[in-house]
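First up is the structure itself, then whatever we jot down about it.
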Amino acid sequence: MSAYIVESITVDRILNYLRVKYEKESYIEHLLDMTGLSFPRDFEKLGQAMLTLNTMAVNYRYNENTKPPVYKFRLMPPPDDIQAVKSLQCFLYQCTEGEQFEETRLFRILEKAMRWIMKEIVTSLPAYERAVWG
């Protein structure tokens with residue numbers, strides 16, 4: 001599969017999901033605070049950092065020097081949990097062209113956020129509730 005720079009709507013979905021969770025979930029608040037940005041004010045800066053990371057990975061893959069697109073945060077209703085996971089998976093996958101990108105603080109933070117969402121989905125399932133602990 002080829003690597004590409006994700007569309008702004010992908011970043012919008014991720015950030016609007018995180019925006020809502022930031023207000024309600026201390027773990028997501030903690031992760032976003034690790035970026036060194038101030039929320040909710042700096043979602044646009046975070047989105048720009050995401051597209052810059054993505055562009056760097058794609059440039060590395062194809063030996064190019066493309067400038068990252070300019071990102072403008074668009075406030076919108078957040079996606080559901082499943083769409084948030086899929087958008088994060090897509091974004092993170094597009095940033096895996098070279099180990100150095102996977103080792104960045106931003107990549108690790110977003111990967112942790114995705115794993116947290118996945119855990120929330122699984123632990124909310126009736127089958128999880130019925131399963132034996134241990």
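Chains: A, B, ... in order of the structure tokens. Residues: from 1 per chain. Ligands: from 1, in order shown.
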message: If you run DSSP on the backbone here, which positions in chain A get helix (DSSP H, G or I)? Please write them as a PyMOL selection string.
response: chain A and resi 8-24+26-33+43-62+81-94+99-102+105-123+126-130
Who sits within 10 Å of range 114-130 of chain A, only C-alpha atoms, same chain under 2 positions skipped, as a PyMOL selection string: chain A and resi 14+21+27-28+81-82+84-89+92+108-112+132-133
Residue subset to file, keeping N, CA and C atoms, as a PDB file, in the first residue's frame:
```
ATOM      1  N   ILE A  14     -10.214  13.168  14.226  1.00  0.00           N
ATOM      2  CA  ILE A  14      -9.411  12.804  15.391  1.00  0.00           C
ATOM      3  C   ILE A  14      -9.459  13.894  16.450  1.00  0.00           C
ATOM      4  N   LYS A  21     -13.377  14.289  24.425  1.00  0.00           N
ATOM      5  CA  LYS A  21     -12.831  13.419  25.469  1.00  0.00           C
ATOM      6  C   LYS A  21     -11.931  14.186  26.426  1.00  0.00           C
ATOM      7  N   TYR A  27      -7.509  10.745  31.416  1.00  0.00           N
ATOM      8  CA  TYR A  27      -6.387  10.127  30.707  1.00  0.00           C
ATOM      9  C   TYR A  27      -6.104  10.853  29.391  1.00  0.00           C
ATOM     10  N   ILE A  28      -7.159  11.186  28.651  1.00  0.00           N
ATOM     11  CA  ILE A  28      -6.977  11.921  27.397  1.00  0.00           C
ATOM     12  C   ILE A  28      -6.444  13.319  27.696  1.00  0.00           C
ATOM     13  N   ASP A  81     -16.862   6.286  18.504  1.00  0.00           N
ATOM     14  CA  ASP A  81     -15.616   5.644  18.921  1.00  0.00           C
ATOM     15  C   ASP A  81     -14.958   4.863  17.790  1.00  0.00           C
ATOM     16  N   ILE A  82     -15.749   4.114  17.032  1.00  0.00           N
ATOM     17  CA  ILE A  82     -15.204   3.274  15.969  1.00  0.00           C
ATOM     18  C   ILE A  82     -14.552   4.134  14.886  1.00  0.00           C
ATOM     19  N   ALA A  84     -13.365   7.108  15.259  1.00  0.00           N
ATOM     20  CA  ALA A  84     -12.171   7.724  15.843  1.00  0.00           C
ATOM     21  C   ALA A  84     -10.985   6.761  15.779  1.00  0.00           C
ATOM     22  N   VAL A  85     -11.226   5.495  16.110  1.00  0.00           N
ATOM     23  CA  VAL A  85     -10.153   4.499  16.043  1.00  0.00           C
ATOM     24  C   VAL A  85      -9.670   4.332  14.608  1.00  0.00           C
ATOM     25  N   LYS A  86     -10.605   4.212  13.680  1.00  0.00           N
ATOM     26  CA  LYS A  86     -10.212   3.989  12.287  1.00  0.00           C
ATOM     27  C   LYS A  86      -9.451   5.196  11.726  1.00  0.00           C
ATOM     28  N   SER A  87      -9.877   6.395  12.067  1.00  0.00           N
ATOM     29  CA  SER A  87      -9.164   7.593  11.613  1.00  0.00           C
ATOM     30  C   SER A  87      -7.761   7.650  12.213  1.00  0.00           C
ATOM     31  N   LEU A  88      -7.640   7.307  13.495  1.00  0.00           N
ATOM     32  CA  LEU A  88      -6.321   7.267  14.122  1.00  0.00           C
ATOM     33  C   LEU A  88      -5.449   6.182  13.506  1.00  0.00           C
ATOM     34  N   GLN A  89      -6.020   5.016  13.248  1.00  0.00           N
ATOM     35  CA  GLN A  89      -5.249   3.946  12.604  1.00  0.00           C
ATOM     36  C   GLN A  89      -4.730   4.403  11.240  1.00  0.00           C
ATOM     37  N   LEU A  92      -1.928   7.081  11.787  1.00  0.00           N
ATOM     38  CA  LEU A  92      -0.694   6.499  12.301  1.00  0.00           C
ATOM     39  C   LEU A  92      -0.013   5.621  11.252  1.00  0.00           C
ATOM     40  N   ARG A 108       3.645   8.635  19.580  1.00  0.00           N
ATOM     41  CA  ARG A 108       3.393   7.791  20.766  1.00  0.00           C
ATOM     42  C   ARG A 108       2.157   8.251  21.528  1.00  0.00           C
ATOM     43  N   ILE A 109       1.950   9.547  21.627  1.00  0.00           N
ATOM     44  CA  ILE A 109       0.761  10.063  22.319  1.00  0.00           C
ATOM     45  C   ILE A 109      -0.508   9.643  21.590  1.00  0.00           C
ATOM     46  N   LEU A 110      -0.520   9.809  20.273  1.00  0.00           N
ATOM     47  CA  LEU A 110      -1.711   9.441  19.500  1.00  0.00           C
ATOM     48  C   LEU A 110      -1.942   7.935  19.505  1.00  0.00           C
ATOM     49  N   GLU A 111      -0.867   7.168  19.515  1.00  0.00           N
ATOM     50  CA  GLU A 111      -0.997   5.709  19.600  1.00  0.00           C
ATOM     51  C   GLU A 111      -1.595   5.298  20.948  1.00  0.00           C
ATOM     52  N   LYS A 112      -1.166   5.944  22.023  1.00  0.00           N
ATOM     53  CA  LYS A 112      -1.737   5.668  23.347  1.00  0.00           C
ATOM     54  C   LYS A 112      -3.205   6.053  23.388  1.00  0.00           C
ATOM     55  N   VAL A 132     -15.163 -13.952  32.497  1.00  0.00           N
ATOM     56  CA  VAL A 132     -14.600 -14.169  33.835  1.00  0.00           C
ATOM     57  C   VAL A 132     -13.296 -13.392  33.974  1.00  0.00           C
ATOM     58  N   TRP A 133     -13.119 -12.771  35.114  1.00  0.00           N
ATOM     59  CA  TRP A 133     -11.869 -12.061  35.396  1.00  0.00           C
ATOM     60  C   TRP A 133     -10.829 -13.086  35.838  1.00  0.00           C
TER      61      TRP A 133
END
```
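The space between CA of Ala49 in chain A and CA of Asp33 in chain A spans 14.5 Å.
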field: Residues near Tyr62 in chain A, cut-off 12 Å, only C-alpha atoms, skip fewer than 3 positions along chain, as a count of residues only
entry: 13
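CA of Tyr71 in chain A sits 6.3 Å away from CA of Gly47 in chain A.
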field: Spatial neighbours of Met50 in chain A, max dist 9 Å, only C-alpha atoms, sep filter under 6 positions, as a list in words
entry: Val11, Phe91, Leu106 and Phe107 of chain A
Could you turn the residues from that selection into a file that holds N, CA and C atoms, as a PDB file, in the first residue's frame?
```pdb
ATOM      1  N   VAL A  11      -7.831  14.488  10.157  1.00  0.00           N
ATOM      2  CA  VAL A  11      -7.307  15.170  11.341  1.00  0.00           C
ATOM      3  C   VAL A  11      -8.460  15.812  12.122  1.00  0.00           C
ATOM      4  N   PHE A  91      -4.243   7.504  10.150  1.00  0.00           N
ATOM      5  CA  PHE A  91      -3.221   8.529  10.325  1.00  0.00           C
ATOM      6  C   PHE A  91      -1.890   7.915  10.752  1.00  0.00           C
ATOM      7  N   LEU A 106       4.743  12.824  19.526  1.00  0.00           N
ATOM      8  CA  LEU A 106       3.390  12.976  19.005  1.00  0.00           C
ATOM      9  C   LEU A 106       2.824  11.627  18.562  1.00  0.00           C
ATOM     10  N   PHE A 107       3.600  10.848  17.834  1.00  0.00           N
ATOM     11  CA  PHE A 107       3.136   9.536  17.380  1.00  0.00           C
ATOM     12  C   PHE A 107       2.770   8.674  18.588  1.00  0.00           C
TER      13      PHE A 107
END
```
- request: Do a neighbour search on Arg19 in chain A at 12 Å with only C-alpha atoms, toss out local chain neighbours closer than 2 positions, and write the hits as a ChimeraX atom specification.
  value: /A:11-17,21-25,28-29,31-32,38-44,46-47,73-79,84
task: Go through A:Val20, A:Met34, A:Ala131, A:Leu53 one by one, measure the shortest atom-to-atom distance of each to Gln94 in chain A using only C-alpha atoms, and give the residue with the smallest value.
output: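 For Gln94 in chain A, the nearest of the candidates is A:Leu53.
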field: Atomic distance CA of Tyr60 in chain A - CA of Lys45 in chain A, expressed in Å with one decimal
entry: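 Separation of CA of Tyr60 in chain A and CA of Lys45 in chain A: 22.4 Å.
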query: Counting only C-alpha atoms, which of A:Asn63, A:Asn54, A:Thr104, A:Thr96 gets nearest to Thr10 in chain A?
result: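 Smallest distance to Thr10 in chain A is found for A:Asn54.
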